[in-house]
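Containing TSV, C-alpha atoms and all ligand atoms: my_file.tsv.
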```
chain	number	residue	atom	x	y	z
A	1	MET	CA	72.86	102.89	112.14
A	2	SER	CA	74.62	106.13	113.07
A	3	ARG	CA	78.38	106.28	113.46
A	4	ARG	CA	77.85	107.20	117.12
A	5	MET	CA	75.99	103.92	117.66
A	6	VAL	CA	78.86	102.00	116.05
A	7	MET	CA	81.15	103.70	118.57
A	8	VAL	CA	79.04	102.37	121.44
A	9	ALA	CA	79.17	98.84	120.00
A	10	SER	CA	82.96	99.07	119.55
A	11	PRO	CA	84.46	100.87	122.53
A	12	PRO	CA	88.02	102.16	122.11
A	13	SER	CA	89.40	99.47	124.41
A	14	GLN	CA	88.47	96.88	121.79
A	15	HIS	CA	91.02	95.80	119.20
A	16	LEU	CA	90.66	96.88	115.59
A	17	VAL	CA	89.40	93.76	113.82
A	18	ASP	CA	87.85	94.00	110.37
A	19	THR	CA	85.10	91.90	108.82
A	20	HIS	CA	87.72	89.50	107.41
A	21	GLN	CA	89.00	88.90	110.96
A	22	ARG	CA	92.22	90.82	110.29
A	23	ARG	CA	93.44	92.56	113.39
A	24	ILE	CA	95.30	95.81	112.91
A	25	ARG	CA	98.55	95.45	114.85
A	26	LYS	CA	100.96	97.51	112.80
A	27	LEU	CA	101.12	101.14	111.76
A	28	ARG	CA	103.45	102.48	109.09
A	29	LEU	CA	103.98	106.09	109.94
A	30	SER	CA	105.25	108.36	107.19
A	31	ILE	CA	106.89	111.48	108.56
A	32	THR	CA	107.83	113.12	105.28
A	33	ASP	CA	107.30	112.48	101.58
A	34	ARG	CA	110.68	114.03	100.72
A	35	CYS	CA	113.70	111.99	99.74
A	36	ASN	CA	117.39	112.39	98.98
A	37	LEU	CA	117.20	109.66	96.31
A	38	ARG	CA	115.01	109.27	93.24
A	39	CYS	CA	114.58	105.52	92.78
A	40	THR	CA	113.24	104.86	89.29
A	41	TYR	CA	110.35	102.74	90.61
A	42	CYS	CA	109.32	105.24	93.28
A	43	MET	CA	109.50	108.85	92.16
A	44	PRO	CA	110.38	111.01	89.16
A	45	THR	CA	113.50	113.18	89.22
A	46	ASP	CA	111.24	116.26	89.30
A	47	ALA	CA	109.01	114.95	92.09
A	48	THR	CA	106.87	117.47	93.94
A	49	PHE	CA	106.35	117.30	97.68
A	50	MET	CA	103.81	118.52	100.19
A	51	PRO	CA	104.61	121.80	101.96
A	52	PRO	CA	106.21	120.99	105.34
A	53	GLN	CA	103.50	123.01	107.09
A	54	HIS	CA	101.12	120.19	106.08
A	55	TYR	CA	103.05	117.66	108.19
A	56	LEU	CA	101.43	116.42	111.35
A	57	THR	CA	103.13	117.91	114.41
A	58	VAL	CA	105.02	115.90	117.02
A	59	ALA	CA	102.09	116.32	119.40
A	60	GLU	CA	99.61	115.10	116.77
A	61	TYR	CA	101.69	111.96	116.15
A	62	ALA	CA	101.82	111.30	119.88
A	63	THR	CA	98.06	111.70	120.29
A	64	ILE	CA	97.10	109.55	117.32
A	65	VAL	CA	99.62	106.82	118.05
A	66	ALA	CA	98.58	106.70	121.73
A	67	GLU	CA	94.97	106.19	120.64
A	68	LEU	CA	95.94	103.45	118.20
A	69	VAL	CA	98.11	101.71	120.80
A	70	ALA	CA	95.06	101.71	123.09
A	71	LEU	CA	93.19	100.01	120.23
A	72	GLY	CA	95.77	97.25	120.00
A	73	VAL	CA	98.45	98.57	117.65
A	74	GLU	CA	101.72	97.03	118.80
A	75	ALA	CA	104.24	98.06	116.18
A	76	VAL	CA	105.00	101.38	114.53
A	77	ARG	CA	107.42	101.54	111.62
A	78	LEU	CA	108.69	104.99	110.66
A	79	THR	CA	108.95	105.48	106.93
A	80	GLY	CA	108.46	108.03	104.18
A	81	GLY	CA	109.81	109.32	101.75
A	82	GLU	CA	113.07	109.19	103.62
A	83	PRO	CA	112.16	109.46	107.31
A	84	LEU	CA	115.61	110.66	108.36
A	85	LEU	CA	115.12	113.86	106.33
A	86	ARG	CA	112.48	115.10	108.76
A	87	SER	CA	114.34	117.56	110.98
A	88	GLU	CA	112.09	116.68	113.96
A	89	PHE	CA	112.93	112.98	113.67
A	90	PRO	CA	114.46	112.79	117.21
A	91	GLU	CA	111.48	114.59	118.74
A	92	ILE	CA	109.01	112.32	116.94
A	93	LEU	CA	110.91	109.26	118.11
A	94	ALA	CA	111.02	110.55	121.68
A	95	ALA	CA	107.27	111.22	121.63
A	96	LEU	CA	106.49	107.73	120.30
A	97	ALA	CA	108.77	106.11	122.85
A	98	ALA	CA	107.04	108.10	125.61
A	99	VAL	CA	103.66	106.85	124.38
A	100	GLY	CA	104.91	103.30	124.99
A	101	VAL	CA	104.78	101.79	121.51
A	102	PRO	CA	105.87	98.18	122.14
A	103	ASP	CA	107.84	97.85	118.87
A	104	LEU	CA	109.32	100.88	117.13
A	105	SER	CA	111.21	100.33	113.88
A	106	LEU	CA	112.53	102.24	110.87
A	107	THR	CA	112.70	101.78	107.10
A	108	THR	CA	115.42	103.92	105.51
A	109	ASN	CA	117.62	104.29	102.46
A	110	GLY	CA	120.58	104.50	104.84
A	111	LEU	CA	122.11	107.73	103.54
A	112	ARG	CA	121.71	109.60	106.82
A	113	LEU	CA	121.56	106.58	109.08
A	114	SER	CA	125.02	106.67	110.64
A	115	SER	CA	124.42	109.93	112.45
A	116	TYR	CA	121.07	108.73	113.81
A	117	LEU	CA	122.16	105.39	115.27
A	118	GLY	CA	122.68	106.95	118.70
A	119	VAL	CA	119.23	108.46	118.89
A	120	LEU	CA	117.63	105.27	117.54
A	121	ALA	CA	119.31	103.22	120.26
A	122	GLU	CA	118.39	105.79	122.91
A	123	TYR	CA	114.68	105.46	122.12
A	124	GLY	CA	114.62	101.69	121.84
A	125	VAL	CA	114.60	101.18	118.07
A	126	ARG	CA	116.34	97.87	117.38
A	127	ARG	CA	114.99	96.81	113.98
A	128	LEU	CA	116.15	98.62	110.86
A	129	ASN	CA	115.10	97.78	107.31
A	130	ILE	CA	117.55	99.31	104.88
A	131	SER	CA	116.93	99.56	101.14
A	132	LEU	CA	119.84	98.51	98.96
A	133	ASP	CA	119.14	97.65	95.33
A	134	SER	CA	122.69	97.12	94.09
A	135	LEU	CA	126.26	96.58	95.23
A	136	ASP	CA	127.60	98.06	92.03
A	137	SER	CA	128.04	101.84	92.14
A	138	HIS	CA	127.00	102.30	88.51
A	139	THR	CA	123.82	100.23	88.90
A	140	PHE	CA	123.12	101.88	92.27
A	141	ALA	CA	123.30	105.28	90.57
A	142	THR	CA	121.15	104.10	87.64
A	143	ILE	CA	118.40	102.97	90.01
A	144	THR	CA	118.56	105.65	92.69
A	145	HIS	CA	120.06	108.67	90.88
A	146	GLY	CA	122.42	108.78	93.87
A	147	GLN	CA	126.18	108.32	94.02
A	148	GLN	CA	126.63	107.33	97.63
A	149	LEU	CA	126.61	103.55	97.66
A	150	GLU	CA	129.62	103.50	100.00
A	151	VAL	CA	127.83	105.76	102.49
A	152	VAL	CA	124.91	103.31	102.62
A	153	LYS	CA	127.22	100.31	102.97
A	154	GLY	CA	129.13	102.12	105.73
A	155	ALA	CA	125.88	102.78	107.60
A	156	ILE	CA	124.82	99.15	107.25
A	157	ALA	CA	128.13	97.92	108.65
A	158	ARG	CA	127.98	100.39	111.53
A	159	ALA	CA	124.38	99.49	112.40
A	160	VAL	CA	125.25	95.79	112.44
A	161	ASN	CA	128.35	96.44	114.59
A	162	GLU	CA	126.27	98.43	117.03
A	163	GLY	CA	123.89	95.51	117.48
A	164	PHE	CA	120.86	96.62	115.44
A	165	GLN	CA	118.80	93.91	113.73
A	166	VAL	CA	119.20	94.89	110.10
A	167	LYS	CA	117.28	93.57	107.11
A	168	LEU	CA	118.13	94.56	103.57
A	169	ASN	CA	115.35	95.25	101.06
A	170	MET	CA	116.26	94.91	97.39
A	171	VAL	CA	113.70	95.66	94.68
A	172	VAL	CA	114.65	93.27	91.89
A	173	MET	CA	114.24	94.36	88.28
A	174	GLN	CA	114.89	92.13	85.30
A	175	GLY	CA	117.77	93.38	83.18
A	176	VAL	CA	118.68	96.00	85.79
A	177	ASN	CA	119.88	94.26	88.95
A	178	ASP	CA	118.60	90.68	88.77
A	179	HIS	CA	122.16	89.47	88.09
A	180	GLU	CA	123.09	90.54	91.63
A	181	LEU	CA	120.96	88.11	93.64
A	182	VAL	CA	123.84	85.84	94.62
A	183	SER	CA	126.24	88.69	95.37
A	184	MET	CA	123.57	90.32	97.56
A	185	VAL	CA	123.01	87.04	99.42
A	186	GLU	CA	126.76	86.71	99.99
A	187	TYR	CA	127.04	90.33	101.15
A	188	ALA	CA	124.17	89.91	103.64
A	189	LYS	CA	125.59	86.58	104.82
A	190	SER	CA	129.00	88.16	105.43
A	191	LEU	CA	127.28	90.60	107.79
A	192	GLY	CA	125.06	87.93	109.38
A	193	ILE	CA	121.86	89.71	108.30
A	194	GLU	CA	118.75	88.89	106.26
A	195	VAL	CA	118.20	90.05	102.70
A	196	ARG	CA	114.72	90.26	101.20
A	197	PHE	CA	114.08	90.40	97.50
A	198	LEU	CA	111.04	92.50	96.58
A	199	GLU	CA	108.93	92.09	93.50
A	200	LEU	CA	108.43	95.37	91.69
A	201	MET	CA	104.94	96.50	92.69
A	202	ARG	CA	102.58	98.26	90.30
A	203	ILE	CA	102.17	101.34	92.40
A	204	GLY	CA	102.66	105.00	91.52
A	205	TYR	CA	105.61	105.79	89.35
A	206	ALA	CA	106.44	102.08	88.89
A	207	CYS	CA	103.33	101.75	86.71
A	208	HIS	CA	105.30	103.67	84.04
A	209	LEU	CA	108.19	101.19	83.99
A	210	PRO	CA	108.32	98.56	81.24
A	211	HIS	CA	106.55	95.40	82.34
A	212	SER	CA	109.62	93.45	81.17
A	213	GLN	CA	111.42	94.69	84.29
A	214	PHE	CA	109.09	92.65	86.49
A	215	ILE	CA	110.56	89.42	87.79
A	216	SER	CA	108.60	87.08	90.03
A	217	ALA	CA	109.78	85.66	93.32
A	218	ALA	CA	109.42	82.18	91.75
A	219	ALA	CA	111.92	83.14	89.03
A	220	MET	CA	114.30	84.58	91.63
A	221	ILE	CA	114.04	81.37	93.65
A	222	ARG	CA	114.82	79.27	90.56
A	223	GLN	CA	117.92	81.38	90.00
A	224	LEU	CA	119.08	81.03	93.61
A	225	GLN	CA	118.39	77.30	93.76
A	226	GLY	CA	121.31	76.87	91.36
A	227	HIS	CA	123.55	78.14	94.16
A	228	TYR	CA	121.85	77.34	97.46
A	229	ASP	CA	119.75	74.71	99.17
A	230	LEU	CA	116.82	76.85	100.34
A	231	GLN	CA	115.12	75.60	103.49
A	232	PRO	CA	111.83	77.32	104.39
A	233	VAL	CA	111.60	78.97	107.82
A	234	PRO	CA	108.33	79.69	109.63
A	235	ARG	CA	107.16	83.32	109.67
A	236	PRO	CA	104.35	85.14	111.50
A	237	GLN	CA	101.04	84.93	109.61
A	238	ASP	CA	101.02	88.66	108.88
A	239	ALA	CA	104.62	88.88	107.66
A	240	THR	CA	105.23	90.58	104.33
A	241	SER	CA	107.90	88.06	103.37
A	242	PHE	CA	108.32	84.31	103.17
A	243	ASN	CA	111.78	83.16	104.15
A	244	PHE	CA	114.48	80.57	103.72
A	245	VAL	CA	117.82	79.72	105.28
A	246	THR	CA	120.66	77.95	103.54
A	247	ALA	CA	123.11	75.37	104.84
A	248	CYS	CA	125.80	78.08	104.82
A	249	GLY	CA	123.65	80.29	107.07
A	250	ALA	CA	122.30	82.82	104.58
A	251	GLN	CA	118.88	84.29	105.48
A	252	ILE	CA	116.79	85.06	102.41
A	253	GLY	CA	113.26	86.44	102.16
A	254	PHE	CA	110.90	87.27	99.32
A	255	ILE	CA	108.21	89.92	99.27
A	256	ALA	CA	105.94	88.82	96.45
A	257	SER	CA	103.11	91.31	96.58
A	258	GLU	CA	102.41	90.92	92.84
A	259	SER	CA	102.54	87.16	92.31
A	260	GLN	CA	101.53	86.04	95.82
A	261	PRO	CA	99.64	88.87	97.54
A	262	PHE	CA	99.58	88.56	101.30
A	263	CYS	CA	96.37	90.47	102.02
A	264	HIS	CA	94.53	87.63	103.80
A	265	HIS	CA	96.43	88.22	107.02
A	266	CYS	CA	97.31	91.89	106.56
A	267	SER	CA	97.63	93.71	109.87
A	268	ARG	CA	98.85	97.09	108.57
A	269	TRP	CA	97.48	100.60	108.41
A	270	ARG	CA	99.34	103.61	107.05
A	271	LEU	CA	99.35	107.22	108.15
A	272	SER	CA	100.72	109.71	105.63
A	273	ALA	CA	102.88	112.66	106.66
A	274	ASP	CA	99.90	115.00	106.27
A	275	GLY	CA	97.68	112.83	108.45
A	276	VAL	CA	95.61	110.70	106.06
A	277	LEU	CA	94.96	107.26	107.52
A	278	ARG	CA	94.69	104.45	104.97
A	279	ALA	CA	93.67	100.85	105.41
A	280	CYS	CA	95.64	99.61	102.41
A	281	LEU	CA	98.70	100.54	100.40
A	282	PHE	CA	96.76	99.88	97.22
A	283	LYS	CA	93.71	101.98	98.02
A	284	GLU	CA	93.58	105.67	97.16
A	285	ALA	CA	90.91	106.50	99.70
A	286	GLY	CA	91.71	107.30	103.29
A	287	VAL	CA	90.42	109.47	106.11
A	288	ALA	CA	92.06	112.79	107.02
A	289	LEU	CA	92.64	112.91	110.77
A	290	ARG	CA	93.95	116.46	110.99
A	291	GLY	CA	91.58	118.80	112.79
A	292	LEU	CA	89.33	116.05	114.14
A	293	ASP	CA	88.55	116.00	117.83
A	294	ALA	CA	89.08	112.86	119.92
A	295	GLN	CA	85.59	111.50	119.34
A	296	ALA	CA	85.70	112.16	115.59
A	297	ARG	CA	89.06	110.38	115.43
A	298	GLN	CA	87.55	107.30	117.11
A	299	GLU	CA	84.81	107.37	114.49
A	300	ALA	CA	87.44	107.76	111.77
A	301	TYR	CA	89.27	104.64	113.03
A	302	GLN	CA	86.06	102.63	112.76
A	303	GLN	CA	85.49	104.04	109.28
A	304	VAL	CA	89.02	103.07	108.15
A	305	LEU	CA	88.46	99.58	109.57
A	306	GLY	CA	85.83	99.05	106.89
A	307	MET	CA	88.08	100.28	104.09
A	308	LYS	CA	90.61	97.47	103.77
A	309	PRO	CA	89.91	95.37	100.67
A	310	ALA	CA	89.93	91.58	100.90
A	311	ILE	CA	92.57	91.54	98.17
A	312	ARG	CA	94.68	94.33	96.69
A	313	ALA	CA	93.94	96.15	93.45
A	314	ALA	CA	96.02	95.17	90.40
A	315	GLU	CA	97.63	98.58	90.36
A	316	VAL	CA	97.26	101.98	91.93
A	317	HIS	CA	98.51	105.31	90.67
A	318	HIS	CA	99.11	107.18	93.89
A	319	ALA	CA	102.78	107.30	94.83
A	320	MET	CA	104.17	105.09	97.57
A	321	TYR	CA	106.42	107.86	98.87
A	322	GLN	CA	103.37	110.11	99.32
A	323	ILE	CA	101.39	107.70	101.47
A	324	GLY	CA	104.22	105.93	103.29
A	325	GLY	CA	106.16	103.00	101.84
B	1	LIG	N1	101.39	95.09	99.21
B	1	LIG	C1	102.00	95.43	100.33
B	1	LIG	N2	103.32	95.50	100.36
B	1	LIG	C2	103.89	95.84	101.51
B	1	LIG	C3	103.17	96.13	102.66
B	1	LIG	N3	104.02	96.44	103.65
B	1	LIG	C4	105.24	96.34	103.11
B	1	LIG	N4	105.16	95.96	101.82
B	1	LIG	C5	106.26	95.72	100.91
B	1	LIG	O1	107.29	95.19	101.66
B	1	LIG	C6	108.41	96.02	101.55
B	1	LIG	C7	109.24	95.95	102.80
B	1	LIG	O2	108.58	96.55	103.83
B	1	LIG	P1	109.42	97.03	105.06
B	1	LIG	O3	109.34	98.51	105.14
B	1	LIG	O4	110.77	96.47	105.01
B	1	LIG	O5	108.65	96.46	106.29
B	1	LIG	P2	108.01	95.04	106.68
B	1	LIG	O6	108.50	93.96	105.83
B	1	LIG	O7	106.53	95.23	106.71
B	1	LIG	O8	108.50	94.97	108.13
B	1	LIG	P3	109.08	93.83	109.02
B	1	LIG	O9	108.30	92.59	108.75
B	1	LIG	O10	108.87	94.37	110.38
B	1	LIG	O11	110.51	93.70	108.64
B	1	LIG	C8	107.85	97.37	101.23
B	1	LIG	O12	108.78	98.15	100.58
B	1	LIG	C9	106.73	97.00	100.30
B	1	LIG	O13	107.29	96.74	99.04
B	1	LIG	C10	101.77	96.06	102.58
B	1	LIG	O14	101.05	96.30	103.55
B	1	LIG	N5	101.24	95.71	101.39
B	2	LIG	C1	109.01	104.06	99.81
B	2	LIG	S1	110.48	103.59	100.64
B	2	LIG	C2	110.45	104.61	102.09
B	2	LIG	C3	111.58	104.39	103.03
B	2	LIG	C4	112.98	104.71	102.54
B	2	LIG	N1	113.04	105.86	101.72
B	2	LIG	C5	113.56	103.50	101.84
B	2	LIG	O1	113.76	103.56	100.63
B	2	LIG	O2	113.81	102.53	102.53
B	2	LIG	C6	110.08	102.00	101.40
B	2	LIG	C7	110.34	100.80	100.57
B	2	LIG	O3	109.46	100.82	99.47
B	2	LIG	C8	110.08	100.14	98.41
B	2	LIG	N2	109.39	100.46	97.18
B	2	LIG	C9	109.10	101.68	96.69
B	2	LIG	N3	108.45	101.57	95.52
B	2	LIG	C10	108.31	100.25	95.28
B	2	LIG	C11	107.73	99.50	94.23
B	2	LIG	N4	107.15	100.07	93.20
B	2	LIG	N5	107.77	98.16	94.32
B	2	LIG	C12	108.37	97.55	95.38
B	2	LIG	N6	108.92	98.21	96.40
B	2	LIG	C13	108.90	99.54	96.34
B	2	LIG	C14	111.50	100.66	98.50
B	2	LIG	O4	112.41	99.85	97.85
B	2	LIG	C15	111.74	100.68	99.98
B	2	LIG	O5	112.33	99.46	100.40
B	3	LIG	S1	112.26	104.07	97.60
B	3	LIG	FE1	112.81	105.26	99.40
B	3	LIG	S2	114.86	105.99	98.86
B	3	LIG	FE2	113.96	105.40	96.95
B	3	LIG	S3	113.02	107.27	96.15
B	3	LIG	FE3	111.44	106.12	97.27
B	3	LIG	S4	111.43	107.04	99.26
B	3	LIG	FE4	113.38	107.57	98.30
B	4	LIG	S1	97.85	95.39	99.46
B	4	LIG	FE1	96.61	96.27	101.11
B	4	LIG	S2	95.53	94.58	102.09
B	4	LIG	FE2	97.14	93.71	100.79
B	4	LIG	S3	98.86	93.40	102.19
B	4	LIG	FE3	99.16	95.42	101.25
B	4	LIG	S4	98.16	96.88	102.61
B	4	LIG	FE4	97.47	94.84	103.18
```

Please express what this file holds, its structure, as structure tokens.
Amino acid sequence: MSRRMVMVASPPSQHLVDTHQRRIRKLRLSITDRCNLRCTYCMPTDATFMPPQHYLTVAEYATIVAELVALGVEAVRLTGGEPLLRSEFPEILAALAAVGVPDLSLTTNGLRLSSYLGVLAEYGVRRLNISLDSLDSHTFATITHGQQLEVVKGAIARAVNEGFQVKLNMVVMQGVNDHELVSMVEYAKSLGIEVRFLELMRIGYACHLPHSQFISAAAMIRQLQGHYDLQPVPRPQDATSFNFVTACGAQIGFIASESQPFCHHCSRWRLSADGVLRACLFKEAGVALRGLDAQARQEAYQQVLGMKPAIRAAEVHHAMYQIGG
């Protein structure tokens, strides 16, 4: 069957549903691969980046996202690299808001967040996921090669005060920051926000880390159960995390991609800053959208639909910051 015939059988008004009945509802949009930190599990200190002239333009984002919204995508999360390093961030946000994305959100390391809170509010972004791997300045610097823990904490406090829904993401590494689980829970609780503990995923640069740094969500839960009564809370089927609340009101989630992969209900696609659309974080292959006309893009979407694996690969060597974390 030709691709054109597939197009006729699946008109653009139809939702993107793959052969495992997973409907694509969420797009993670990377707008740069650059970063102002160098987290040990994400990129080397001498990381190389794509030339900025390879980035999709504001107009290209608007066109592609509008097409995907018409195909049922409801949520777009801006990410990177560090998305707030892209100088056209406000223009990109304005274009996506104009397209009518129902749910626009951001994942950031928080370093530049304070000065962008106004523009985020202006364009309807309410949900911010902020990465914070340690509350200790020495450990923060060891993990991120950055010195500005207080800047990140200041941005978190400001975002919460200004009414954003903030979630903290902490990648937990045995012998590095796993002694901080309780202090992170207490910190998040004091702000009335959720903290999620991430298993270290075997992707990109993290594949070079000693395996002894891996700690499972089950082991983290055992540690926390010595301090809290964890009550499960229901989550959407396609959520990345499973969550608990405690009697004292702490909100705690776990993202256990290694020990409990959540591919069965995955609803996510990723678009890299240079316009490669991927069906899965753990799959090298994708389809380059740049330069395609409208019809070829529709064909590309159908092609990507067939590229999501039923279950993730054990590891993948392409870097998360290059495809969109
Ligand atoms: N394996 C896998 N891991 C993912 C995927 N999406 C997110 N993650 C992991 O979950 C972490 C947190 O993702 P976030 O950027 O906070 O976004 P999210 O959890 O998808 O978003 P919300 O549910 O809207 O808060 C990422 O850093 C990854 O480690 C995915 O599609 N596959
Ligand atoms: C790649 S970053 C991009 C957005 C932004 N720079 C940030 O750090 O929030 C997105 C998320 O991916 C997570 N991440 C990166 N590499 C990871 C790995 N090997 N295992 C688990 N999470 C990882 C980071 O902790 C961060 O929360
Ligand atoms: S995890 Fe985010 S902040 Fe850390 S190096 Fe990667 S892109 Fe930068
Ligand atoms: S590994 Fe791939 S299929 Fe599994 S949840 Fe992540 S993106 Fe989805």

Shell around A:Gly154 at 12 Å using only C-alpha atoms, local window under 5 positions removed, as number ranges by chain: A: 110-115, 130, 148-149, 159-161, 191

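For the residues A:Val73, A:Cys35, A:Met307, A:Leu128, ranking by smallest atom-to-atom distance to A:Ala47 using all atoms listed in the file places A:Cys35 first.
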
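Of the listed residues A:Leu209, A:Met50, A:Met201, A:Val119, the one whose atoms come nearest to ligand LIG 2 (chain B) is A:Met201, with distances taken using only C-alpha atoms and all ligand atoms.
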
So that I can check the surroundings of A:Leu84, please list as a PyMOL selection string every protein, DNA and RNA residue that reaches within 10 Å of it, counting all atoms listed in the file and ignoring chain neighbours fewer than 2 positions away. chain A and resi 31-32+34-36+78-82+86-90+106-113+115-116

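Distances here use only C-alpha atoms; by that measure, the residue among A:Gln231, A:Gln223, A:Gln21, A:Ser241 closest to A:Glu199 is A:Ser241.
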
So that each row is one residue of chain A with an atom at most 9 Å from ligand LIG 4 (chain B), can you give its shortest atom pair and the distance in Å to one decimal, using all atoms listed in the file, rows by chain and rising number, as CSV?
```
residue,atom,partner,partner_atom,distance
A:Asp238,CA,B:LIG4,S3,8.5
A:Thr240,CA,B:LIG4,S3,7.3
A:Ser257,CA,B:LIG4,S1,7.3
A:Pro261,CA,B:LIG4,FE2,6.3
A:Phe262,CA,B:LIG4,S3,5.0
A:Cys263,CA,B:LIG4,FE2,3.6
A:His264,CA,B:LIG4,S2,7.2
A:His265,CA,B:LIG4,S3,7.5
A:Cys266,CA,B:LIG4,FE4,4.5
A:Ser267,CA,B:LIG4,FE4,6.8
A:Arg268,CA,B:LIG4,FE4,6.0
A:Trp269,CA,B:LIG4,S4,6.9
A:Arg270,CA,B:LIG4,S4,8.1
A:Arg278,CA,B:LIG4,S4,8.7
A:Ala279,CA,B:LIG4,S4,6.6
A:Cys280,CA,B:LIG4,FE1,3.7
A:Leu281,CA,B:LIG4,S4,4.3
A:Phe282,CA,B:LIG4,S1,5.1
A:Lys283,CA,B:LIG4,FE1,7.1
A:Lys308,CA,B:LIG4,S2,5.9
A:Pro309,CA,B:LIG4,S2,5.9
A:Ala310,CA,B:LIG4,S2,6.5
A:Ile311,CA,B:LIG4,FE2,5.7
A:Arg312,CA,B:LIG4,S1,4.3
A:Ala313,CA,B:LIG4,S1,7.2
```

Grab the atom CA of A:His15 to atom CA of A:Gly325 distance for me, in Å with one decimal place. 24.1 Å

With all atoms of ligand LIG 2 (chain B) from the file as input, state the centre and edge lengths in Å to one decimal of the axis-aligned box that has 5 Å extra on each side, as AutoDock Vina command-line options.
```
--center_x 110.5 --center_y 101.7 --center_z 98.1 --size_x 16.7 --size_y 18.3 --size_z 19.8
```

Since the input is missing atoms, can you rebuild N, CA and C atoms for stretch 126-142 of chain A and write them as a JSON list (two decimals), in the coordinates of the input?
```json
[["chain", "number", "residue", "atom", "x", "y", "z"],
["A", 126, "ARG", "N", 115.32, 98.91, 117.59],
["A", 126, "ARG", "CA", 116.34, 97.87, 117.38],
["A", 126, "ARG", "C", 116.30, 97.35, 115.95],
["A", 127, "ARG", "N", 115.15, 97.46, 115.30],
["A", 127, "ARG", "CA", 114.99, 96.81, 113.98],
["A", 127, "ARG", "C", 115.03, 97.86, 112.87],
["A", 128, "LEU", "N", 115.99, 97.68, 111.97],
["A", 128, "LEU", "CA", 116.15, 98.62, 110.86],
["A", 128, "LEU", "C", 116.03, 97.86, 109.54],
["A", 129, "ASN", "N", 115.14, 98.32, 108.67],
["A", 129, "ASN", "CA", 115.10, 97.78, 107.31],
["A", 129, "ASN", "C", 115.75, 98.81, 106.39],
["A", 130, "ILE", "N", 116.77, 98.38, 105.69],
["A", 130, "ILE", "CA", 117.55, 99.31, 104.88],
["A", 130, "ILE", "C", 117.44, 98.89, 103.41],
["A", 131, "SER", "N", 117.10, 99.86, 102.57],
["A", 131, "SER", "CA", 116.93, 99.56, 101.14],
["A", 131, "SER", "C", 118.29, 99.61, 100.45],
["A", 132, "LEU", "N", 118.57, 98.56, 99.71],
["A", 132, "LEU", "CA", 119.84, 98.51, 98.96],
["A", 132, "LEU", "C", 119.59, 97.67, 97.71],
["A", 133, "ASP", "N", 119.54, 98.33, 96.57],
["A", 133, "ASP", "CA", 119.14, 97.65, 95.33],
["A", 133, "ASP", "C", 120.32, 97.15, 94.51],
["A", 134, "SER", "N", 121.53, 97.57, 94.86],
["A", 134, "SER", "CA", 122.69, 97.12, 94.09],
["A", 134, "SER", "C", 123.96, 97.31, 94.90],
["A", 135, "LEU", "N", 124.94, 96.43, 94.63],
["A", 135, "LEU", "CA", 126.26, 96.58, 95.23],
["A", 135, "LEU", "C", 127.25, 97.15, 94.24],
["A", 136, "ASP", "N", 126.75, 97.49, 93.07],
["A", 136, "ASP", "CA", 127.60, 98.06, 92.03],
["A", 136, "ASP", "C", 127.29, 99.56, 91.93],
["A", 137, "SER", "N", 128.31, 100.40, 92.02],
["A", 137, "SER", "CA", 128.04, 101.84, 92.14],
["A", 137, "SER", "C", 127.34, 102.39, 90.90],
["A", 138, "HIS", "N", 127.65, 101.82, 89.73],
["A", 138, "HIS", "CA", 127.00, 102.30, 88.51],
["A", 138, "HIS", "C", 125.50, 101.92, 88.53],
["A", 139, "THR", "N", 125.22, 100.67, 88.86],
["A", 139, "THR", "CA", 123.82, 100.23, 88.90],
["A", 139, "THR", "C", 123.07, 100.96, 90.02],
["A", 140, "PHE", "N", 123.73, 101.13, 91.16],
["A", 140, "PHE", "CA", 123.12, 101.88, 92.27],
["A", 140, "PHE", "C", 122.70, 103.27, 91.79],
["A", 141, "ALA", "N", 123.60, 103.92, 91.06],
["A", 141, "ALA", "CA", 123.30, 105.28, 90.57],
["A", 141, "ALA", "C", 122.19, 105.24, 89.52],
["A", 142, "THR", "N", 122.20, 104.22, 88.66],
["A", 142, "THR", "CA", 121.15, 104.10, 87.64],
["A", 142, "THR", "C", 119.78, 103.98, 88.30]]
```
